[in-house]
Every structure is written in structure tokens, then in C-alpha cells.
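Here is the file upload-v8.txt (compact mmCIF, C-alpha atoms).
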# COMPACT_ATOMS: atom_id res chain seq x y z
CA MET A 1 20.84 16.03 -38.08
CA THR A 2 18.87 13.33 -36.39
CA ASN A 3 15.76 14.32 -34.46
CA PHE A 4 15.21 12.45 -31.23
CA LEU A 5 11.61 12.13 -30.09
CA PRO A 6 11.03 12.05 -26.33
CA LEU A 7 9.91 8.66 -25.06
CA TYR A 8 6.49 8.57 -23.43
CA ILE A 9 5.54 6.05 -20.78
CA ASP A 10 1.94 6.12 -19.61
CA PRO A 11 1.38 6.26 -15.82
CA GLY A 12 0.11 2.67 -15.61
CA THR A 13 3.13 1.23 -17.40
CA GLY A 14 5.47 3.46 -15.42
CA SER A 15 3.97 2.27 -12.19
CA MET A 16 4.33 -1.35 -13.29
CA LEU A 17 7.97 -0.87 -14.34
CA PHE A 18 8.75 0.86 -11.06
CA SER A 19 7.11 -2.00 -9.17
CA ILE A 20 9.17 -4.55 -11.14
CA LEU A 21 12.37 -2.59 -10.48
CA ILE A 22 11.74 -2.39 -6.74
CA GLY A 23 10.86 -6.09 -6.64
CA ALA A 24 14.02 -7.02 -8.57
CA CYS A 25 16.23 -4.95 -6.27
CA ALA A 26 14.68 -6.49 -3.19
CA THR A 27 15.00 -9.98 -4.66
CA LEU A 28 18.71 -9.45 -5.43
CA PHE A 29 19.26 -8.24 -1.87
CA PHE A 30 17.75 -11.33 -0.31
CA LEU A 31 19.34 -13.66 -2.85
CA SER A 32 22.74 -12.29 -1.85
CA LYS A 33 21.99 -13.19 1.75
CA ALA A 34 21.11 -16.72 0.68
CA LEU A 35 24.33 -16.94 -1.36
CA ILE A 36 26.41 -15.90 1.63
CA LEU A 37 24.83 -18.69 3.68
CA LYS A 38 25.60 -21.24 0.95
CA ILE A 39 29.24 -20.10 0.79
CA LYS A 40 29.53 -20.48 4.55
CA LEU A 41 28.04 -23.96 4.35
CA PHE A 42 30.46 -24.93 1.54
CA PHE A 43 33.61 -23.83 3.37
CA SER A 44 32.43 -25.31 6.66
CA LYS A 45 32.40 -28.88 5.29
CA GLY A 46 34.59 -31.07 7.43
CA LYS A 47 35.16 -28.27 9.91
CA ASN A 48 31.79 -27.61 11.50
CA ASP A 49 28.92 -29.84 10.43
CA GLY A 50 26.81 -28.16 13.10
CA ILE A 51 26.41 -24.90 11.17
CA VAL A 52 22.77 -23.84 11.09
CA ASP A 53 20.63 -21.42 9.14
CA LYS A 54 20.40 -18.52 11.60
CA SER A 55 17.50 -17.02 9.68
CA TYR A 56 15.31 -20.09 10.31
CA LYS A 57 12.15 -19.47 12.32
CA ASN A 58 9.78 -22.11 13.62
CA TYR A 59 6.64 -20.01 13.28
CA VAL A 60 5.91 -17.08 10.96
CA ILE A 61 2.73 -15.06 10.42
CA TYR A 62 2.37 -12.70 7.46
CA CYS A 63 -0.24 -9.93 7.73
CA GLU A 64 -0.76 -8.01 4.47
CA ASP A 65 -2.95 -5.25 5.93
CA LYS A 66 -3.72 -3.89 9.39
CA ARG A 67 -7.40 -4.79 9.00
CA TYR A 68 -6.39 -8.44 9.42
CA TRP A 69 -4.92 -7.83 12.87
CA THR A 70 -8.04 -9.26 14.53
CA VAL A 71 -7.54 -12.49 12.56
CA PHE A 72 -4.09 -12.99 14.06
CA GLN A 73 -4.49 -11.36 17.47
CA PRO A 74 -5.79 -14.45 19.34
CA ILE A 75 -3.05 -16.57 17.79
CA VAL A 76 -0.10 -14.36 18.72
CA GLU A 77 -1.56 -13.85 22.19
CA GLU A 78 -1.70 -17.63 22.58
CA PHE A 79 1.98 -17.95 21.63
CA GLU A 80 2.86 -15.11 24.01
CA ASN A 81 0.99 -16.79 26.87
CA ARG A 82 2.75 -20.08 26.15
CA LYS A 83 6.13 -18.29 26.00
CA ILE A 84 6.84 -19.62 22.51
CA GLU A 85 8.58 -17.34 20.00
CA ILE A 86 6.76 -16.44 16.80
CA THR A 87 7.68 -13.96 14.06
CA TYR A 88 5.01 -11.56 12.81
CA TYR A 89 5.76 -9.91 9.47
CA THR A 90 3.43 -7.13 8.37
CA SER A 91 2.99 -4.88 5.34
CA ALA A 92 1.32 -2.19 7.46
CA LYS A 93 3.51 0.44 9.09
CA ASP A 94 0.70 1.22 11.51
CA ASP A 95 -0.20 -2.38 12.29
CA PRO A 96 -1.78 -2.52 15.79
CA ILE A 97 0.79 -5.12 16.84
CA PHE A 98 3.36 -2.34 17.22
CA GLU A 99 1.27 -0.95 20.08
CA LYS A 100 1.72 -4.19 22.02
CA ASN A 101 4.55 -5.04 24.39
CA PHE A 102 5.07 -8.68 23.55
CA ASN A 103 8.15 -10.58 24.71
CA TYR A 104 7.83 -13.67 22.53
CA VAL A 105 6.14 -12.18 19.45
CA LYS A 106 8.78 -10.58 17.21
CA SER A 107 7.08 -8.09 14.89
CA GLU A 108 8.64 -6.48 11.81
CA TYR A 109 7.42 -4.22 9.01
CA ILE A 110 8.66 -5.71 5.71
CA GLY A 111 7.20 -3.28 3.19
CA GLU A 112 4.38 -3.71 0.72
CA GLY A 113 3.88 -5.53 -2.56
CA ASN A 114 6.98 -6.85 -4.29
CA LYS A 115 9.29 -5.77 -1.49
CA ALA A 116 7.35 -7.88 0.98
CA PHE A 117 7.06 -10.80 -1.43
CA ALA A 118 10.82 -10.76 -2.08
CA LYS A 119 11.43 -11.39 1.61
CA LEU A 120 8.64 -13.93 1.96
CA ASN A 121 9.75 -15.86 -1.13
CA LEU A 122 13.12 -16.53 0.50
CA LEU A 123 11.92 -17.35 3.99
CA SER A 124 13.43 -20.13 6.02
CA ALA A 125 10.73 -21.38 8.36
CA GLY A 126 8.83 -24.32 9.73
CA PHE A 127 5.26 -23.02 9.56
CA VAL A 128 4.01 -19.93 7.68
CA LEU A 129 0.45 -18.72 8.29
CA MET A 130 -1.32 -16.05 6.21
CA THR A 131 -4.68 -14.78 5.00
CA THR A 132 -3.13 -13.86 1.63
CA PRO A 133 -4.37 -16.11 -1.20
CA GLY A 134 -2.64 -16.83 -4.50
CA LEU A 135 0.42 -18.64 -3.18
CA GLN A 136 2.49 -19.92 -6.12
CA VAL A 137 0.06 -18.17 -8.53
CA TYR A 138 1.24 -14.56 -8.67
CA GLN A 139 4.29 -12.85 -7.13
CA LEU A 140 4.04 -14.75 -3.84
CA LYS A 141 5.96 -18.00 -4.24
CA ARG A 142 6.67 -20.99 -2.02
CA SER A 143 10.14 -20.86 -0.53
CA LYS A 144 12.03 -24.14 -0.74
CA ASN A 145 13.17 -23.48 2.82
CA VAL A 146 9.63 -23.41 4.27
CA LYS A 147 8.24 -26.73 5.47
CA HIS A 148 4.54 -25.88 5.71
CA TYR A 149 2.26 -23.13 4.35
CA SER A 150 -1.15 -22.62 5.90
CA HIS A 151 -4.06 -20.35 4.95
CA ILE A 152 -6.50 -18.99 7.53
CA PHE A 153 -9.81 -17.45 6.47
CA HIS A 154 -10.79 -13.85 7.25
CA SER A 155 -14.43 -14.62 6.51
CA THR A 156 -16.94 -17.30 7.44
CA GLY A 157 -18.04 -17.47 3.80
CA ASP A 158 -17.19 -19.95 1.08
CA PRO A 159 -13.53 -20.89 0.55
CA THR A 160 -14.14 -20.80 -3.20
CA MET A 161 -14.79 -17.04 -3.25
CA TYR A 162 -11.13 -16.32 -3.96
CA ARG A 163 -9.84 -15.63 -7.44
CA LEU A 164 -8.94 -18.77 -9.40
CA PHE A 165 -6.42 -21.10 -7.70
CA GLY A 166 -6.40 -18.85 -4.61
CA ILE A 167 -5.81 -21.62 -2.06
CA ASP A 168 -4.67 -24.50 -4.29
CA TYR A 169 -1.01 -24.56 -3.26
CA PHE A 170 -1.18 -24.35 0.52
CA ASP A 171 -0.39 -27.40 2.65
CA SER A 172 -3.28 -26.77 5.00
CA ILE A 173 -6.41 -24.63 5.29
CA LEU A 174 -7.82 -23.54 8.64
CA LEU A 175 -11.60 -23.54 8.40
CA THR A 176 -14.18 -21.57 10.36
CA GLY A 177 -16.76 -24.36 9.90
CA ASP A 178 -16.81 -27.95 8.65
CA TYR A 179 -19.05 -27.03 5.70
CA GLN A 180 -16.10 -25.34 3.94
CA ALA A 181 -14.26 -28.64 3.44
CA GLU A 182 -16.56 -30.13 0.80
CA ASP A 183 -15.91 -27.58 -1.94
CA ILE A 184 -12.15 -27.59 -1.29
CA ARG A 185 -12.10 -31.37 -1.78
CA THR A 186 -14.14 -30.98 -4.98
CA LEU A 187 -11.58 -28.57 -6.46
CA GLU A 188 -8.68 -30.82 -5.43
CA LYS A 189 -10.20 -33.73 -7.35
CA GLN A 190 -11.02 -31.62 -10.40
CA ARG A 191 -7.52 -30.16 -10.55
CA ASN A 192 -5.67 -33.32 -9.56
CA LEU A 193 -4.14 -31.63 -6.50
CA PRO A 194 -2.78 -33.41 -3.44
CA ALA A 195 -5.21 -33.34 -0.53
CA LYS A 196 -4.53 -30.51 1.89
CA GLU A 197 -4.93 -30.81 5.63
CA LEU A 198 -8.28 -29.23 6.51
CA VAL A 199 -8.65 -28.27 10.15
CA THR A 200 -11.71 -26.57 11.62
CA VAL A 201 -10.45 -24.10 14.22
CA GLY A 202 -13.30 -21.55 14.30
CA CYS A 203 -13.13 -17.86 13.50
CA THR A 204 -10.42 -15.87 15.26
CA TYR A 205 -11.62 -12.39 14.31
CA LEU A 206 -15.24 -13.06 15.32
CA ASP A 207 -13.97 -14.25 18.71
CA VAL A 208 -12.21 -10.89 19.08
CA LEU A 209 -15.11 -8.79 17.84
CA SER A 210 -17.70 -10.55 19.99
CA LYS A 211 -15.72 -9.68 23.13
CA LYS A 212 -15.31 -6.08 21.98
CA MET A 213 -19.01 -5.73 21.26
CA GLU A 214 -19.88 -6.82 24.77
CA SER A 215 -17.93 -3.86 26.13
CA ILE A 216 -19.71 -1.27 23.93
CA PRO A 217 -22.47 0.43 25.96
CA ASN A 218 -25.95 0.68 24.52
CA GLU A 219 -26.91 4.05 23.07
CA GLU A 220 -29.03 6.42 25.10
CA ASN A 221 -31.99 7.84 23.18
CA HIS A 222 -31.38 5.33 20.41
CA GLN A 223 -32.81 6.15 16.99
CA PHE A 224 -33.76 3.45 14.51
CA THR A 225 -30.64 3.03 12.36
CA VAL A 226 -29.98 1.48 8.95
CA LEU A 227 -26.44 0.31 8.18
CA VAL A 228 -25.51 0.20 4.49
CA SER A 229 -22.41 -1.97 4.23
CA PRO A 230 -21.76 -3.35 0.73
CA SER A 231 -18.98 -5.14 -1.08
CA TRP A 232 -16.97 -3.38 -3.77
CA GLY A 233 -16.64 -3.64 -7.54
CA PRO A 234 -19.08 -3.23 -10.43
CA SER A 235 -21.61 -5.65 -8.87
CA GLY A 236 -21.43 -3.97 -5.46
CA LEU A 237 -24.37 -2.03 -4.06
CA LEU A 238 -22.81 1.44 -4.33
CA SER A 239 -21.43 0.98 -7.84
CA LEU A 240 -24.61 -0.58 -9.13
CA TYR A 241 -27.23 1.67 -7.52
CA GLY A 242 -25.43 4.58 -5.83
CA GLU A 243 -27.76 7.55 -5.33
CA ARG A 244 -30.79 5.54 -6.56
CA LEU A 245 -30.55 3.61 -3.29
CA LEU A 246 -29.14 6.33 -1.06
CA ASP A 247 -31.50 9.16 -2.07
CA PRO A 248 -34.66 7.43 -0.77
CA LEU A 249 -32.79 6.35 2.35
CA VAL A 250 -31.62 9.87 3.14
CA ASN A 251 -35.03 11.34 2.29
CA SER A 252 -36.72 8.81 4.60
CA GLY A 253 -35.42 10.67 7.64
CA LEU A 254 -34.13 7.42 9.10
CA ASN A 255 -30.69 7.43 10.69
CA VAL A 256 -28.29 5.99 8.07
CA ILE A 257 -24.70 4.77 8.47
CA LEU A 258 -22.75 4.18 5.27
CA ARG A 259 -19.71 1.95 5.58
CA PRO A 260 -17.99 1.34 2.21
CA HIS A 261 -15.80 -1.71 1.76
CA PRO A 262 -12.13 -0.86 2.53
CA GLN A 263 -11.18 -1.78 -1.04
CA SER A 264 -13.63 0.81 -2.38
CA LYS A 265 -11.43 3.56 -0.94
CA ILE A 266 -8.65 2.28 -3.21
CA SER A 267 -10.44 1.01 -6.32
CA GLU A 268 -13.54 3.23 -6.36
CA LYS A 269 -12.24 6.46 -4.90
CA ASP A 270 -13.90 8.71 -7.51
CA MET A 271 -17.29 7.10 -6.95
CA LEU A 272 -17.04 7.60 -3.18
CA GLU A 273 -15.98 11.23 -3.58
CA LYS A 274 -19.04 11.95 -5.73
CA LEU A 275 -21.33 10.38 -3.14
CA LYS A 276 -19.69 12.33 -0.32
CA ALA A 277 -20.23 15.57 -2.20
CA ARG A 278 -23.85 14.68 -2.95
CA TYR A 279 -24.70 14.01 0.73
CA GLU A 280 -22.42 16.60 2.26
CA ASN A 281 -25.35 18.33 4.00
CA ALA A 282 -27.37 15.24 4.88
CA LYS A 283 -27.56 15.33 8.67
CA ASN A 284 -28.99 11.82 8.99
CA LEU A 285 -26.19 10.17 6.97
CA THR A 286 -22.95 9.21 8.71
CA TRP A 287 -19.88 7.78 6.99
CA ASP A 288 -18.12 5.05 8.95
CA ASN A 289 -14.35 4.88 8.39
CA GLU A 290 -13.45 3.13 11.65
CA ARG A 291 -11.02 0.22 11.51
CA ASP A 292 -13.54 -2.06 13.26
CA ASN A 293 -17.08 -2.39 11.97
CA ILE A 294 -18.56 -3.40 15.31
CA TYR A 295 -19.50 0.12 16.43
CA SER A 296 -21.79 0.59 13.45
CA MET A 297 -23.13 -2.93 13.72
CA LYS A 298 -23.95 -2.39 17.39
CA LYS A 299 -25.94 0.78 16.54
CA ALA A 300 -27.77 -0.65 13.55
CA ASP A 301 -31.25 -2.17 13.74
CA ILE A 302 -31.04 -3.55 10.22
CA MET A 303 -28.37 -3.93 7.55
CA ILE A 304 -28.61 -3.46 3.79
CA SER A 305 -25.89 -5.21 1.80
CA ASP A 306 -25.29 -7.32 -1.31
CA PHE A 307 -23.08 -10.42 -1.46
CA SER A 308 -20.57 -9.12 1.09
CA GLY A 309 -19.30 -11.42 3.82
CA ILE A 310 -20.12 -8.71 6.37
CA ILE A 311 -23.70 -9.99 6.22
CA TYR A 312 -22.57 -12.99 8.23
CA ASP A 313 -20.50 -10.94 10.67
CA TYR A 314 -23.60 -8.87 11.40
CA THR A 315 -25.90 -11.88 11.54
CA PHE A 316 -23.67 -13.93 13.83
CA LEU A 317 -22.65 -11.10 16.16
CA CYS A 318 -25.90 -9.15 16.36
CA ASP A 319 -28.67 -11.59 15.43
CA LYS A 320 -30.60 -8.84 13.63
CA PRO A 321 -32.38 -8.83 10.24
CA VAL A 322 -30.51 -8.28 6.98
CA MET A 323 -31.78 -6.95 3.66
CA TYR A 324 -29.89 -7.68 0.47
CA ALA A 325 -30.02 -6.36 -3.06
CA ASN A 326 -28.27 -7.94 -6.03
CA ALA A 327 -26.70 -10.83 -4.14
CA GLU A 328 -25.54 -12.10 -7.52
CA LEU A 329 -22.01 -11.96 -8.83
CA ASN A 330 -20.26 -13.09 -12.00
CA LEU A 331 -18.35 -16.07 -10.64
CA GLU A 332 -16.16 -16.74 -13.69
CA PRO A 333 -12.99 -15.25 -12.14
CA TYR A 334 -13.54 -17.19 -8.90
CA ASP A 335 -12.98 -20.79 -7.82
CA ALA A 336 -16.72 -21.00 -7.10
CA PHE A 337 -17.37 -21.05 -10.86
CA ASP A 338 -15.91 -24.57 -11.03
CA ILE A 339 -18.12 -25.97 -8.27
CA ASN A 340 -21.24 -26.15 -10.49
CA LYS A 341 -23.71 -25.59 -7.67
CA THR A 342 -25.05 -22.71 -5.58
CA ILE A 343 -22.41 -21.98 -2.97
CA TRP A 344 -23.24 -21.90 0.73
CA GLN A 345 -23.23 -18.15 1.28
CA PHE A 346 -25.56 -17.45 -1.66
CA GLU A 347 -27.87 -20.26 -0.63
CA THR A 348 -27.87 -19.06 2.97
CA ILE A 349 -28.56 -15.39 2.27
CA ASN A 350 -31.71 -16.45 0.42
CA LYS A 351 -32.85 -18.14 3.64
CA ILE A 352 -31.84 -15.64 6.32
CA GLY A 353 -32.11 -12.37 4.36
CA ILE A 354 -34.92 -10.16 3.10
CA LYS A 355 -34.52 -9.52 -0.62
CA ILE A 356 -35.12 -6.03 -2.04
CA GLU A 357 -35.10 -4.96 -5.68
CA GLU A 358 -34.72 -1.59 -7.36
CA LYS A 359 -38.49 -1.32 -7.71
CA ASP A 360 -38.67 -1.33 -3.88
CA PHE A 361 -36.37 1.68 -3.48
CA ALA A 362 -39.11 4.32 -3.90
CA ASN A 363 -40.95 2.83 -0.92
CA LEU A 364 -37.81 1.85 0.98
CA LYS A 365 -38.76 3.42 4.33
CA ASN A 366 -41.93 1.34 4.62
CA VAL A 367 -40.15 -1.78 3.38
CA ILE A 368 -37.51 -1.35 6.12
CA LEU A 369 -39.93 -0.56 8.93
CA ASN A 370 -42.20 -3.45 7.97
CA ALA A 371 -39.35 -5.94 7.66
CA SER A 372 -40.41 -8.74 9.94
CA ASP A 373 -37.97 -10.54 12.19
CA ASN A 374 -40.00 -13.67 12.81
CA PRO A 375 -39.00 -16.77 14.83
CA GLU A 376 -38.37 -18.72 11.63
CA LEU A 377 -35.76 -16.21 10.43
CA SER A 378 -34.16 -16.23 13.86
CA GLU A 379 -33.84 -20.03 13.78
CA LEU A 380 -32.33 -19.94 10.29
CA ARG A 381 -29.76 -17.37 11.47
CA LYS A 382 -28.87 -19.62 14.39
CA LYS A 383 -28.47 -22.63 12.06
CA ALA A 384 -26.17 -20.66 9.73
CA LYS A 385 -24.07 -19.53 12.69
CA ASN A 386 -23.67 -23.10 13.93
CA GLU A 387 -22.52 -24.20 10.47
CA ALA A 388 -20.06 -21.39 9.75
CA TRP A 389 -18.68 -20.36 13.16
CA GLN A 390 -17.66 -23.40 15.15
CA HIS A 391 -15.49 -23.62 18.29
CA ILE A 392 -16.60 -20.16 19.42
CA GLY A 393 -13.97 -18.54 21.64
CA GLU A 394 -11.36 -21.25 20.95
CA ALA A 395 -9.94 -20.34 17.54
CA GLY A 396 -6.68 -18.82 18.82
CA LYS A 397 -5.92 -21.84 21.00
CA LEU A 398 -6.83 -24.41 18.32
CA THR A 399 -4.75 -22.61 15.67
CA ALA A 400 -1.71 -22.43 17.96
CA ASP A 401 -2.17 -26.12 18.83
CA TYR A 402 -2.16 -27.04 15.16
CA MET A 403 0.87 -24.90 14.30
CA ILE A 404 2.92 -26.31 17.17
CA SER A 405 1.94 -29.95 16.57
CA THR A 406 2.69 -29.60 12.83
CA VAL A 407 6.19 -28.21 13.41
CA GLU A 408 6.91 -30.94 15.96
CA LYS A 409 5.74 -33.59 13.48
CA LEU A 410 7.87 -32.12 10.66
CA SER A 411 10.92 -31.90 12.94
CA ASN A 412 10.66 -35.57 13.77

Could I get this structure in the form of C-alpha cells?
Amino acid sequence: MTNFLPLYIDPGTGSMLFSILIGACATLFFLSKALILKIKLFFSKGKNDGIVDKSYKNYVIYCEDKRYWTVFQPIVEEFENRKIEITYYTSAKDDPIFEKNFNYVKSEYIGEGNKAFAKLNLLSAGFVLMTTPGLQVYQLKRSKNVKHYSHIFHSTGDPTMYRLFGIDYFDSILLTGDYQAEDIRTLEKQRNLPAKELVTVGCTYLDVLSKKMESIPNEENHQFTVLVSPSWGPSGLLSLYGERLLDPLVNSGLNVILRPHPQSKISEKDMLEKLKARYENAKNLTWDNERDNIYSMKKADIMISDFSGIIYDYTFLCDKPVMYANAELNLEPYDAFDINKTIWQFETINKIGIKIEEKDFANLKNVILNASDNPELSELRKKAKNEAWQHIGEAGKLTADYMISTVEKLSN
């Protein structure tokens, strides 16, 4: 008698196989739709040369997470005001767009991960805009029925801070500031890539947040507040220092707001849970889980961060001092590694920020209260803002202008 041993699949492999299965099923579904269209085209020869692809859309936006809504909000509002139809695909069931009553913006939830990519990979469109990097690198592929792919930044930082080849295969990149163009051109030459269209449109989400911040009333009986807002990963502030940084902050008696990076809640959940348990009874420590970071930034008198792009959001919107610890990062997995120079955001933080090291943590209260915000620092913050956030208040309009003019050019 033959003994059959039960097969064991570890959770990671099982999850991967399930993901592949869902992706394959979704791909087959959309491929069948494409096949039906081809059959119709074949049998219509000589009968109706005017048959068109009914799934074709002039303008498509893909939003992979609801936190990018502020990136796209000024753009879709511009299309709505111009009475021009645009399709907004999202991978967030609770995307804020579903709370809007647009007439010309057609929004649709298309699932997450492979399910979303299956639909996107078979799009038929004129212009596709997204914040998602890695086009033609991972699961997200260029559809042969899309005329133009464009990437828009969700940060004013360096364009080379994506994982390798993150923006290589887009047709255009929408910049927040002219400075971002130089490193993109360097990578194109190194990798023998065709030159992309680089258009400086400004920063859509900062335009949105700056208006929101103006409407937030100032606190009554304001207490001096420190905002701790790091990046995520092994080099991030919380992973690297954790309680060694937070203990002296909490013990200082200063009002502290801790805002972890959204990705930490996914990738570093255990670490966050341990910290929450440790400071469960700390009355001067508040955890910020709001969708928008502006409420904490408005309250804060100073920020402590690392290499996170939120440093520049805070600097540009609030014009207040920033302290940074461990603003270094292993760049090997990133495009920046191939640039062979100090990238803009690392160079700039050394100018506009106040560096702290672990040896400073024991005396952190005094270091914070004595942090000087002198005229020279203020001027350097202003210079950085002028470099990285151009066309303030115009990003939605300039992006819509570019999308429309590109589709018109391609149509002709």
C-alpha cells in the first residue's frame, strides 16, 4: 500500500500562487474581450470600415492608492471644469473620488494588484497618467493600444529615488521643478533610452494641501509640538532607533506627534504594535493616522525625520525648522545609485536641516528648544522651494493642458 504524504505549501508561496492565479484569470477575461473585438473587425471587412474600438478612451488616470487622490484632484477638476471626459481607474474602494458628483469624470474601482494590472495592460487609450513606477518592468506592462504613457511625481524629491528602471519606459515625465530633468537625462544616456518628454507642471498635491492648510484655524493655547514623521524600512528612523529616540522625547514632557509612513503599517506592523504598547500611557504622545498630514504639520513647531520626502512638504508648506537623523540610505536598489553624485534631496537637507545623531538623544529636549531658525536657514528653505515647487497653484491646469495637447498631436 502506497503512503501519500500531504503536500505543504508555506504561506508566502501560497499567497504568491494565489496572486498568480487571480492575475491569470483576470488576464484571460480581458483577453477574451480583445479577441471578440478582433473577430468583429475581421468579419466587418468590406461591410463597415467605420467600426471603432468602443473601449477606447482619450484620457485615463490610474490611482493605485487613495493617498494619491490629492495628486490627481486638481487634474480631474480641471477636466470637469472644461467639460472634457476623463476616466479615473482606482485600486482603492474608498477612494475620495467616489464622494464627488462629477459629470465628466468617470470613476471605476478596478481591484488591486494583478487584477488591476490585467485591466491596465489591455487598455485602449490615448493618454494614460499615473504615479505608479515600474512600467514595463514588473507586472504593469505597456498596452499596444495606448498611445502615450506619462508619469507624474507624488513628491518634490529626486526622480531617481525609485527602484531601478522605475520611470525608464514612460513617454513623458511631469516634473515638479526643472532641477529633476538633469538626472533623468543622465540615466537615458547611460541606458541608451529614447529621450522622454520632460514637462515642468509644478506639484498638484502641494497646491491642494496649501489651500487646505489655509483653512485650518490656529490652535488656542498652543503647546510647543514636535512632529516625528519618518520614512519606512530598515534605514528609517523608527526601525533604526525606535524607543532610543522616542523615550527621551516622551520623557521631555514636550508635546509629541508620531506619524509613521503609510507603508510602515503594512511592512512594519509588528514594530509599530510594540511601540504603541510601550507608549500606551504616554499622555504627551499622539499617533497620527489621518489621511492628510497637514493637520499635524500645522500644529508642529519642528519636525524630526530622516530621508523622507515629507521633509520638503513640511518645509515648503510651513517654513519651519527640520531636524534629521540618519539621512543616509543604501542607494544600490535605486536609480540614484547610477548617478554617481549626491542627489538633490540629500544635498539640500544638509543645507536646510539641523542634523542630530544618536549621541544627541539623551539631551534631545535642549537640542530641540535651542534649535535656531536663523535668517540664513530661512533663505535656504526659500531657495529649495523655488527649485522644487514651480508654477505654484497651476499644476492641475498645466497637466490638463499637456494631456489635451498631446492627444490632439497624436490624433493628427

- Interatomic distance between CA of Asn281 (chain A) and CA of Leu238 (chain A)? 19.0 Å

- Item | Closest of A:Asn289, A:Ser231, A:Thr399, A:Ser150 to Ala325 (chain A) - atom-to-atom distances counting all atoms listed in the file |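 Residue with the minimum atom-to-atom distance to Ala325 (chain A): A:Ser231.
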
- For CA of Ser378 (chain A) and CA of Leu329 (chain A), quote the distance in Å rounded to one decimal.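 Here the two named atoms are 26.1 Å from each other.
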
- Name the residues in contact with Tyr109 (chain A) at a cut-off of 7 Å, using all atoms listed in the file, excluding same-chain residues fewer than 5 positions from it; report them as a list in words. Tyr89, Thr90, Ser91, Ala92 and Lys93 of chain A

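Of the listed residues A:Phe337, A:Val226, A:His261, A:Leu237, the one whose atoms come nearest to Met303 (chain A) is A:Val226, with distances taken using all atoms listed in the file.
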
- For Trp344 (chain A), the closest of A:Ser264, A:Thr156, A:Thr131, A:Ser143 counting all atoms listed in the file is A:Thr156
